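Here is run04.json, consisting of JSON, N, CA and C atoms:
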```json
[["chain", "number", "residue", "atom", "x", "y", "z"],
["A", 1, "MET", "N", -57.74, -5.46, 17.28],
["A", 1, "MET", "CA", -58.01, -4.10, 16.88],
["A", 1, "MET", "C", -59.05, -3.55, 17.85],
["A", 2, "ARG", "N", -58.76, -2.39, 18.45],
["A", 2, "ARG", "CA", -59.70, -1.74, 19.37],
["A", 2, "ARG", "C", -60.60, -0.80, 18.57],
["A", 3, "LEU", "N", -61.91, -1.02, 18.64],
["A", 3, "LEU", "CA", -62.85, -0.24, 17.85],
["A", 3, "LEU", "C", -63.91, 0.41, 18.72],
["A", 4, "PHE", "N", -64.55, 1.42, 18.15],
["A", 4, "PHE", "CA", -65.71, 2.04, 18.78],
["A", 4, "PHE", "C", -66.61, 2.58, 17.68],
["A", 5, "ALA", "N", -67.89, 2.73, 18.00],
["A", 5, "ALA", "CA", -68.85, 3.35, 17.09],
["A", 5, "ALA", "C", -69.07, 4.78, 17.57],
["A", 6, "ALA", "N", -69.17, 5.71, 16.62],
["A", 6, "ALA", "CA", -69.28, 7.12, 17.00],
["A", 6, "ALA", "C", -70.15, 7.89, 16.01],
["A", 7, "VAL", "N", -70.62, 9.04, 16.48],
["A", 7, "VAL", "CA", -71.34, 10.00, 15.64],
["A", 7, "VAL", "C", -70.44, 11.21, 15.48],
["A", 8, "LEU", "N", -70.30, 11.66, 14.24],
["A", 8, "LEU", "CA", -69.51, 12.86, 13.98],
["A", 8, "LEU", "C", -70.43, 14.07, 14.08],
["A", 9, "PRO", "N", -70.09, 15.04, 14.93],
["A", 9, "PRO", "CA", -70.97, 16.21, 15.09],
["A", 9, "PRO", "C", -70.88, 17.14, 13.89],
["A", 10, "PRO", "N", -71.96, 17.89, 13.63],
["A", 10, "PRO", "CA", -71.94, 18.88, 12.55],
["A", 10, "PRO", "C", -70.89, 19.96, 12.85],
["A", 11, "ASP", "N", -70.45, 20.65, 11.79],
["A", 11, "ASP", "CA", -69.44, 21.69, 11.93],
["A", 11, "ASP", "C", -69.82, 22.75, 12.94],
["A", 12, "ALA", "N", -71.10, 23.14, 12.99],
["A", 12, "ALA", "CA", -71.54, 24.18, 13.92],
["A", 12, "ALA", "C", -71.36, 23.72, 15.37],
["A", 13, "VAL", "N", -71.58, 22.45, 15.62],
["A", 13, "VAL", "CA", -71.40, 21.91, 16.98],
["A", 13, "VAL", "C", -69.91, 21.88, 17.34],
["A", 14, "VAL", "N", -69.08, 21.47, 16.39],
["A", 14, "VAL", "CA", -67.64, 21.46, 16.63],
["A", 14, "VAL", "C", -67.15, 22.88, 16.94],
["A", 15, "ALA", "N", -67.65, 23.86, 16.20],
["A", 15, "ALA", "CA", -67.25, 25.25, 16.44],
["A", 15, "ALA", "C", -67.68, 25.71, 17.83],
["A", 16, "GLU", "N", -68.90, 25.36, 18.24],
["A", 16, "GLU", "CA", -69.40, 25.73, 19.57],
["A", 16, "GLU", "C", -68.56, 25.08, 20.66],
["A", 17, "LEU", "N", -68.26, 23.81, 20.47],
["A", 17, "LEU", "CA", -67.45, 23.09, 21.45],
["A", 17, "LEU", "C", -66.03, 23.66, 21.51],
["A", 18, "ALA", "N", -65.47, 23.99, 20.36],
["A", 18, "ALA", "CA", -64.12, 24.57, 20.32],
["A", 18, "ALA", "C", -64.09, 25.91, 21.05],
["A", 19, "ALA", "N", -65.14, 26.71, 20.89],
["A", 19, "ALA", "CA", -65.20, 28.00, 21.59],
["A", 19, "ALA", "C", -65.25, 27.78, 23.10],
["A", 20, "ALA", "N", -66.04, 26.81, 23.53],
["A", 20, "ALA", "CA", -66.13, 26.52, 24.96],
["A", 20, "ALA", "C", -64.82, 25.97, 25.51],
["A", 21, "ALA", "N", -64.14, 25.15, 24.72],
["A", 21, "ALA", "CA", -62.90, 24.53, 25.19],
["A", 21, "ALA", "C", -61.71, 25.47, 25.12],
["A", 22, "SER", "N", -61.81, 26.54, 24.35],
["A", 22, "SER", "CA", -60.64, 27.42, 24.19],
["A", 22, "SER", "C", -60.19, 28.02, 25.52],
["A", 23, "GLY", "N", -61.12, 28.32, 26.39],
["A", 23, "GLY", "CA", -60.75, 28.86, 27.69],
["A", 23, "GLY", "C", -60.04, 27.85, 28.58],
["A", 24, "LEU", "N", -60.24, 26.58, 28.30],
["A", 24, "LEU", "CA", -59.58, 25.54, 29.10],
["A", 24, "LEU", "C", -58.08, 25.48, 28.87],
["A", 25, "ARG", "N", -57.65, 25.88, 27.69],
["A", 25, "ARG", "CA", -56.22, 25.81, 27.36],
["A", 25, "ARG", "C", -55.36, 26.72, 28.23],
["A", 26, "ALA", "N", -55.98, 27.74, 28.85],
["A", 26, "ALA", "CA", -55.24, 28.67, 29.69],
["A", 26, "ALA", "C", -55.15, 28.20, 31.14],
["A", 27, "LEU", "N", -55.86, 27.15, 31.50],
["A", 27, "LEU", "CA", -55.88, 26.69, 32.88],
["A", 27, "LEU", "C", -54.59, 25.97, 33.25],
["A", 28, "PRO", "N", -54.20, 26.03, 34.51],
["A", 28, "PRO", "CA", -53.01, 25.30, 34.94],
["A", 28, "PRO", "C", -53.11, 23.82, 34.63],
["A", 29, "GLY", "N", -52.06, 23.26, 34.08],
["A", 29, "GLY", "CA", -52.01, 21.84, 33.73],
["A", 29, "GLY", "C", -52.57, 21.51, 32.37],
["A", 30, "ALA", "N", -53.13, 22.50, 31.66],
["A", 30, "ALA", "CA", -53.72, 22.23, 30.35],
["A", 30, "ALA", "C", -52.69, 21.73, 29.34],
["A", 31, "ASP", "N", -51.45, 22.12, 29.51],
["A", 31, "ASP", "CA", -50.42, 21.68, 28.57],
["A", 31, "ASP", "C", -50.14, 20.18, 28.68],
["A", 32, "ALA", "N", -50.57, 19.55, 29.77],
["A", 32, "ALA", "CA", -50.38, 18.11, 29.94],
["A", 32, "ALA", "C", -51.50, 17.30, 29.29],
["A", 33, "LEU", "N", -52.57, 17.98, 28.87],
["A", 33, "LEU", "CA", -53.68, 17.28, 28.23],
["A", 33, "LEU", "C", -53.35, 16.93, 26.79],
["A", 34, "ARG", "N", -54.02, 15.92, 26.28],
["A", 34, "ARG", "CA", -53.86, 15.52, 24.88],
["A", 34, "ARG", "C", -54.95, 16.24, 24.08],
["A", 35, "TRP", "N", -54.58, 17.30, 23.37],
["A", 35, "TRP", "CA", -55.53, 18.11, 22.60],
["A", 35, "TRP", "C", -55.67, 17.52, 21.21],
["A", 36, "ALA", "N", -56.75, 16.81, 20.98],
["A", 36, "ALA", "CA", -56.98, 16.17, 19.69],
["A", 36, "ALA", "C", -57.37, 17.23, 18.66],
["A", 37, "PRO", "N", -57.02, 17.02, 17.40],
["A", 37, "PRO", "CA", -57.44, 17.96, 16.35],
["A", 37, "PRO", "C", -58.97, 17.94, 16.22],
["A", 38, "ARG", "N", -59.54, 19.09, 15.90],
["A", 38, "ARG", "CA", -60.99, 19.23, 15.82],
["A", 38, "ARG", "C", -61.62, 18.24, 14.84],
["A", 39, "ASP", "N", -60.93, 17.92, 13.77],
["A", 39, "ASP", "CA", -61.54, 17.01, 12.78],
["A", 39, "ASP", "C", -61.65, 15.57, 13.29],
["A", 40, "SER", "N", -61.10, 15.29, 14.47],
["A", 40, "SER", "CA", -61.24, 13.95, 15.04],
["A", 40, "SER", "C", -62.25, 13.91, 16.20],
["A", 41, "TRP", "N", -62.87, 15.04, 16.52],
["A", 41, "TRP", "CA", -63.85, 15.07, 17.61],
["A", 41, "TRP", "C", -65.07, 14.27, 17.20],
["A", 42, "HIS", "N", -65.61, 13.52, 18.14],
["A", 42, "HIS", "CA", -66.75, 12.64, 17.88],
["A", 42, "HIS", "C", -67.48, 12.35, 19.18],
["A", 43, "PHE", "N", -68.68, 11.82, 19.05],
["A", 43, "PHE", "CA", -69.44, 11.34, 20.21],
["A", 43, "PHE", "C", -69.42, 9.82, 20.15],
["A", 44, "THR", "N", -68.77, 9.21, 21.12],
["A", 44, "THR", "CA", -68.67, 7.76, 21.15],
["A", 44, "THR", "C", -70.01, 7.15, 21.57],
["A", 45, "LEU", "N", -70.48, 6.21, 20.79],
["A", 45, "LEU", "CA", -71.72, 5.50, 21.10],
["A", 45, "LEU", "C", -71.46, 4.19, 21.82],
["A", 46, "ALA", "N", -70.40, 3.48, 21.42],
["A", 46, "ALA", "CA", -70.11, 2.18, 22.02],
["A", 46, "ALA", "C", -68.65, 1.82, 21.81],
["A", 47, "PHE", "N", -68.04, 1.27, 22.85],
["A", 47, "PHE", "CA", -66.71, 0.67, 22.73],
["A", 47, "PHE", "C", -66.89, -0.80, 22.44],
["A", 48, "MET", "N", -66.07, -1.32, 21.55],
["A", 48, "MET", "CA", -66.15, -2.74, 21.21],
["A", 48, "MET", "C", -64.93, -3.50, 21.67],
["A", 49, "ALA", "N", -64.05, -2.80, 22.37],
["A", 49, "ALA", "CA", -62.82, -3.42, 22.89],
["A", 49, "ALA", "C", -62.03, -4.06, 21.75],
["A", 50, "GLU", "N", -61.51, -5.25, 22.00],
["A", 50, "GLU", "CA", -60.69, -5.94, 21.00],
["A", 50, "GLU", "C", -61.59, -6.70, 20.02],
["A", 51, "VAL", "N", -61.46, -6.37, 18.75],
["A", 51, "VAL", "CA", -62.26, -7.01, 17.69],
["A", 51, "VAL", "C", -61.29, -7.65, 16.70],
["A", 52, "PRO", "N", -61.49, -8.93, 16.39],
["A", 52, "PRO", "CA", -60.61, -9.57, 15.40],
["A", 52, "PRO", "C", -60.72, -8.85, 14.05],
["A", 53, "GLN", "N", -59.61, -8.66, 13.40],
["A", 53, "GLN", "CA", -59.58, -7.91, 12.15],
["A", 53, "GLN", "C", -60.49, -8.52, 11.09],
["A", 54, "GLU", "N", -60.63, -9.83, 11.08],
["A", 54, "GLU", "CA", -61.45, -10.46, 10.04],
["A", 54, "GLU", "C", -62.95, -10.16, 10.21],
["A", 55, "THR", "N", -63.37, -9.67, 11.37],
["A", 55, "THR", "CA", -64.79, -9.32, 11.57],
["A", 55, "THR", "C", -65.10, -7.87, 11.19],
["A", 56, "VAL", "N", -64.07, -7.06, 10.93],
["A", 56, "VAL", "CA", -64.28, -5.64, 10.66],
["A", 56, "VAL", "C", -65.15, -5.38, 9.42],
["A", 57, "PRO", "N", -64.93, -6.04, 8.29],
["A", 57, "PRO", "CA", -65.79, -5.75, 7.12],
["A", 57, "PRO", "C", -67.28, -6.00, 7.41],
["A", 58, "ASP", "N", -67.62, -7.13, 8.03],
["A", 58, "ASP", "CA", -69.02, -7.42, 8.33],
["A", 58, "ASP", "C", -69.56, -6.43, 9.36],
["A", 59, "LEU", "N", -68.78, -6.12, 10.36],
["A", 59, "LEU", "CA", -69.20, -5.16, 11.38],
["A", 59, "LEU", "C", -69.43, -3.78, 10.76],
["A", 60, "THR", "N", -68.55, -3.37, 9.86],
["A", 60, "THR", "CA", -68.70, -2.09, 9.17],
["A", 60, "THR", "C", -69.99, -2.05, 8.37],
["A", 61, "ALA", "N", -70.29, -3.11, 7.65],
["A", 61, "ALA", "CA", -71.51, -3.18, 6.85],
["A", 61, "ALA", "C", -72.75, -3.13, 7.74],
["A", 62, "ARG", "N", -72.73, -3.85, 8.85],
["A", 62, "ARG", "CA", -73.88, -3.86, 9.76],
["A", 62, "ARG", "C", -74.09, -2.49, 10.39],
["A", 63, "LEU", "N", -73.02, -1.84, 10.80],
["A", 63, "LEU", "CA", -73.15, -0.50, 11.39],
["A", 63, "LEU", "C", -73.64, 0.51, 10.35],
["A", 64, "ALA", "N", -73.18, 0.38, 9.12],
["A", 64, "ALA", "CA", -73.65, 1.29, 8.06],
["A", 64, "ALA", "C", -75.15, 1.12, 7.83],
["A", 65, "ARG", "N", -75.63, -0.13, 7.82],
["A", 65, "ARG", "CA", -77.07, -0.36, 7.65],
["A", 65, "ARG", "C", -77.85, 0.25, 8.81],
["A", 66, "ALA", "N", -77.36, 0.06, 10.02],
["A", 66, "ALA", "CA", -78.05, 0.62, 11.19],
["A", 66, "ALA", "C", -78.06, 2.15, 11.13],
["A", 67, "ALA", "N", -76.96, 2.74, 10.72],
["A", 67, "ALA", "CA", -76.90, 4.21, 10.62],
["A", 67, "ALA", "C", -77.87, 4.73, 9.59],
["A", 68, "HIS", "N", -78.00, 4.04, 8.47],
["A", 68, "HIS", "CA", -78.92, 4.49, 7.41],
["A", 68, "HIS", "C", -80.39, 4.32, 7.80],
["A", 69, "ARG", "N", -80.67, 3.40, 8.72],
["A", 69, "ARG", "CA", -82.05, 3.21, 9.20],
["A", 69, "ARG", "C", -82.41, 4.18, 10.32],
["A", 70, "THR", "N", -81.44, 4.89, 10.86],
["A", 70, "THR", "CA", -81.67, 5.77, 12.00],
["A", 70, "THR", "C", -81.86, 7.20, 11.53],
["A", 71, "PRO", "N", -83.01, 7.79, 11.81],
["A", 71, "PRO", "CA", -83.21, 9.18, 11.41],
["A", 71, "PRO", "C", -82.36, 10.12, 12.26],
["A", 72, "PRO", "N", -82.09, 11.32, 11.76],
["A", 72, "PRO", "CA", -81.34, 12.30, 12.56],
["A", 72, "PRO", "C", -82.04, 12.54, 13.89],
["A", 73, "PHE", "N", -81.26, 12.82, 14.90],
["A", 73, "PHE", "CA", -81.83, 13.07, 16.22],
["A", 73, "PHE", "C", -81.11, 14.25, 16.88],
["A", 74, "PRO", "N", -81.84, 15.06, 17.64],
["A", 74, "PRO", "CA", -81.22, 16.23, 18.27],
["A", 74, "PRO", "C", -80.46, 15.86, 19.54],
["A", 75, "LEU", "N", -79.35, 16.50, 19.74],
["A", 75, "LEU", "CA", -78.55, 16.38, 20.97],
["A", 75, "LEU", "C", -78.14, 17.78, 21.39],
["A", 76, "ALA", "N", -77.89, 17.95, 22.66],
["A", 76, "ALA", "CA", -77.39, 19.22, 23.18],
["A", 76, "ALA", "C", -76.18, 18.93, 24.06],
["A", 77, "LEU", "N", -75.18, 19.79, 23.99],
["A", 77, "LEU", "CA", -74.00, 19.63, 24.83],
["A", 77, "LEU", "C", -74.41, 19.85, 26.29],
["A", 78, "ARG", "N", -74.03, 18.91, 27.15],
["A", 78, "ARG", "CA", -74.37, 18.98, 28.56],
["A", 78, "ARG", "C", -73.22, 18.41, 29.40],
["A", 79, "GLY", "N", -72.51, 19.28, 30.07],
["A", 79, "GLY", "CA", -71.48, 18.82, 30.99],
["A", 79, "GLY", "C", -70.22, 18.36, 30.30],
["A", 80, "GLY", "N", -69.31, 17.88, 31.08],
["A", 80, "GLY", "CA", -68.05, 17.39, 30.56],
["A", 80, "GLY", "C", -67.16, 16.96, 31.71],
["A", 81, "GLY", "N", -66.00, 16.50, 31.36],
["A", 81, "GLY", "CA", -65.06, 16.04, 32.37],
["A", 81, "GLY", "C", -63.79, 15.54, 31.71],
["A", 82, "ARG", "N", -63.15, 14.60, 32.36],
["A", 82, "ARG", "CA", -61.91, 14.05, 31.82],
["A", 82, "ARG", "C", -61.82, 12.57, 32.13],
["A", 83, "PHE", "N", -61.11, 11.87, 31.28],
["A", 83, "PHE", "CA", -60.74, 10.48, 31.52],
["A", 83, "PHE", "C", -59.28, 10.53, 31.95],
["A", 84, "GLY", "N", -58.99, 10.06, 33.12],
["A", 84, "GLY", "CA", -57.61, 10.06, 33.59],
["A", 84, "GLY", "C", -57.07, 11.48, 33.68],
["A", 85, "GLU", "N", -55.84, 11.63, 33.31],
["A", 85, "GLU", "CA", -55.16, 12.93, 33.42],
["A", 85, "GLU", "C", -54.97, 13.63, 32.10],
["A", 86, "ARG", "N", -55.41, 13.01, 30.98],
["A", 86, "ARG", "CA", -55.03, 13.58, 29.69],
["A", 86, "ARG", "C", -56.15, 13.77, 28.67],
["A", 87, "VAL", "N", -57.32, 13.18, 28.89],
["A", 87, "VAL", "CA", -58.37, 13.22, 27.86],
["A", 87, "VAL", "C", -59.61, 13.92, 28.40],
["A", 88, "LEU", "N", -60.08, 14.92, 27.66],
["A", 88, "LEU", "CA", -61.32, 15.62, 28.01],
["A", 88, "LEU", "C", -62.49, 15.01, 27.28],
["A", 89, "TRP", "N", -63.67, 15.12, 27.86],
["A", 89, "TRP", "CA", -64.88, 14.67, 27.17],
["A", 89, "TRP", "C", -65.98, 15.69, 27.42],
["A", 90, "ALA", "N", -66.91, 15.73, 26.47],
["A", 90, "ALA", "CA", -68.11, 16.57, 26.58],
["A", 90, "ALA", "C", -69.31, 15.65, 26.59],
["A", 91, "GLY", "N", -70.26, 15.95, 27.45],
["A", 91, "GLY", "CA", -71.47, 15.14, 27.53],
["A", 91, "GLY", "C", -72.56, 15.70, 26.63],
["A", 92, "VAL", "N", -73.54, 14.87, 26.35],
["A", 92, "VAL", "CA", -74.69, 15.29, 25.55],
["A", 92, "VAL", "C", -75.97, 14.81, 26.22],
["A", 93, "ALA", "N", -77.05, 15.46, 25.88],
["A", 93, "ALA", "CA", -78.38, 15.06, 26.33],
["A", 93, "ALA", "C", -79.30, 15.12, 25.12],
["A", 94, "GLY", "N", -80.34, 14.30, 25.15],
["A", 94, "GLY", "CA", -81.30, 14.32, 24.07],
["A", 94, "GLY", "C", -81.69, 12.95, 23.63]]
```
Encoded form (structure tokens):
Amino acid sequence: MRLFAAVLPPDAVVAELAAAASGLRALPGADALRWAPRDSWHFTLAFMAEVPQETVPDLTARLARAAHRTPPFPLALRGGGRFGERVLWAGVAG
């Protein structure tokens, strides 16, 4: 199972990012991109590659504990790009 840890952005951030990305849809080649639904947008913190399924419950519990110990932190959208020919990404700073 391929897993990653991520932070889900607040609705206001998703709306801001959607407004910025809307102009990209009109660019040449935009129809070849994989446009993910807004409710799946996230900030990836770590890729875990292949994880055995039997470790998922313990990993989930450990990540939940770490998330609850971490206070909210500010981020700002900064830059962006693409992975390969089909996936866009937005950068953050903070």
Kindly indicate which residue among A:Met48, A:Val87, A:Ala36, A:Ala30 lies nearest to Phe4 of chain A, using only N, CA and C atoms for the distances.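 Of all the options, A:Met48 lies closest to Phe4 of chain A.
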Which residues of segment 8-51 of chain A come within 12 Å of segment 62-85 of chain A, and what is each one's closest atom pair and distance in Å (one decimal), counting only C-alpha atoms, sorted by chain and residue number, as JSON lines?
```
{"residue": "A:Leu8", "atom": "CA", "partner": "A:Ala67", "partner_atom": "CA", "distance": 11.9}
{"residue": "A:Pro9", "atom": "CA", "partner": "A:Leu75", "partner_atom": "CA", "distance": 9.6}
{"residue": "A:Pro10", "atom": "CA", "partner": "A:Leu75", "partner_atom": "CA", "distance": 11.0}
{"residue": "A:Val13", "atom": "CA", "partner": "A:Leu77", "partner_atom": "CA", "distance": 8.6}
{"residue": "A:Val14", "atom": "CA", "partner": "A:Leu77", "partner_atom": "CA", "distance": 10.5}
{"residue": "A:Glu16", "atom": "CA", "partner": "A:Leu77", "partner_atom": "CA", "distance": 9.3}
{"residue": "A:Leu17", "atom": "CA", "partner": "A:Leu77", "partner_atom": "CA", "distance": 8.1}
{"residue": "A:Ala18", "atom": "CA", "partner": "A:Leu77", "partner_atom": "CA", "distance": 11.9}
{"residue": "A:Ala20", "atom": "CA", "partner": "A:Leu77", "partner_atom": "CA", "distance": 10.5}
{"residue": "A:Ala21", "atom": "CA", "partner": "A:Gly80", "partner_atom": "CA", "distance": 10.3}
{"residue": "A:Leu24", "atom": "CA", "partner": "A:Gly81", "partner_atom": "CA", "distance": 11.4}
{"residue": "A:Gly29", "atom": "CA", "partner": "A:Glu85", "partner_atom": "CA", "distance": 9.5}
{"residue": "A:Ala30", "atom": "CA", "partner": "A:Glu85", "partner_atom": "CA", "distance": 9.9}
{"residue": "A:Asp31", "atom": "CA", "partner": "A:Glu85", "partner_atom": "CA", "distance": 11.1}
{"residue": "A:Ala32", "atom": "CA", "partner": "A:Glu85", "partner_atom": "CA", "distance": 7.9}
{"residue": "A:Leu33", "atom": "CA", "partner": "A:Glu85", "partner_atom": "CA", "distance": 6.9}
{"residue": "A:Arg34", "atom": "CA", "partner": "A:Glu85", "partner_atom": "CA", "distance": 9.0}
{"residue": "A:Trp35", "atom": "CA", "partner": "A:Arg82", "partner_atom": "CA", "distance": 11.9}
{"residue": "A:Phe43", "atom": "CA", "partner": "A:Leu75", "partner_atom": "CA", "distance": 10.4}
{"residue": "A:Leu45", "atom": "CA", "partner": "A:Leu63", "partner_atom": "CA", "distance": 11.5}
{"residue": "A:Ala46", "atom": "CA", "partner": "A:Leu63", "partner_atom": "CA", "distance": 11.4}
```
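On the backbone of this structure, DSSP gives strand (DSSP E) within chain A to Arg2, Leu3, Phe4, Ala5, Ala6, Val7, Phe43, Thr44, Leu45, Ala46, Phe47, Met48, Ala49, Glu50, Ala76, Leu77, Arg78, Gly79, Gly80, Gly81, Arg82, Phe83, Val87, Leu88, Trp89, Ala90, Gly91, Val92 and Ala93 of chain A.
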Figure out the distance between atom C of Arg2 of chain A and atom CA of Ala61 of chain A, please, to one decimal in Å. 16.2 Å
Computed interatomic separation between atom C of Leu88 of chain A and atom C of His42 of chain A (Å):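 That distance, rounded to one decimal, is 9.9 Å.
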Given the choices A:Gln53, A:Met1, A:Ala6, A:Asp11, which gets closest to Asp39 of chain A if the distance is worked out from only C-alpha atoms? A:Asp11
Assign secondary structure with DSSP using the backbone only, and return the residues of chain A in alpha helix (DSSP H) as a ChimeraX atom specification. /A:11-22,56-69
Would you compute the distance between atom N of Ala26 of chain A and atom CA of Trp89 of chain A? Give it in Å to one decimal.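 Between these atoms lies a distance of 15.9 Å.
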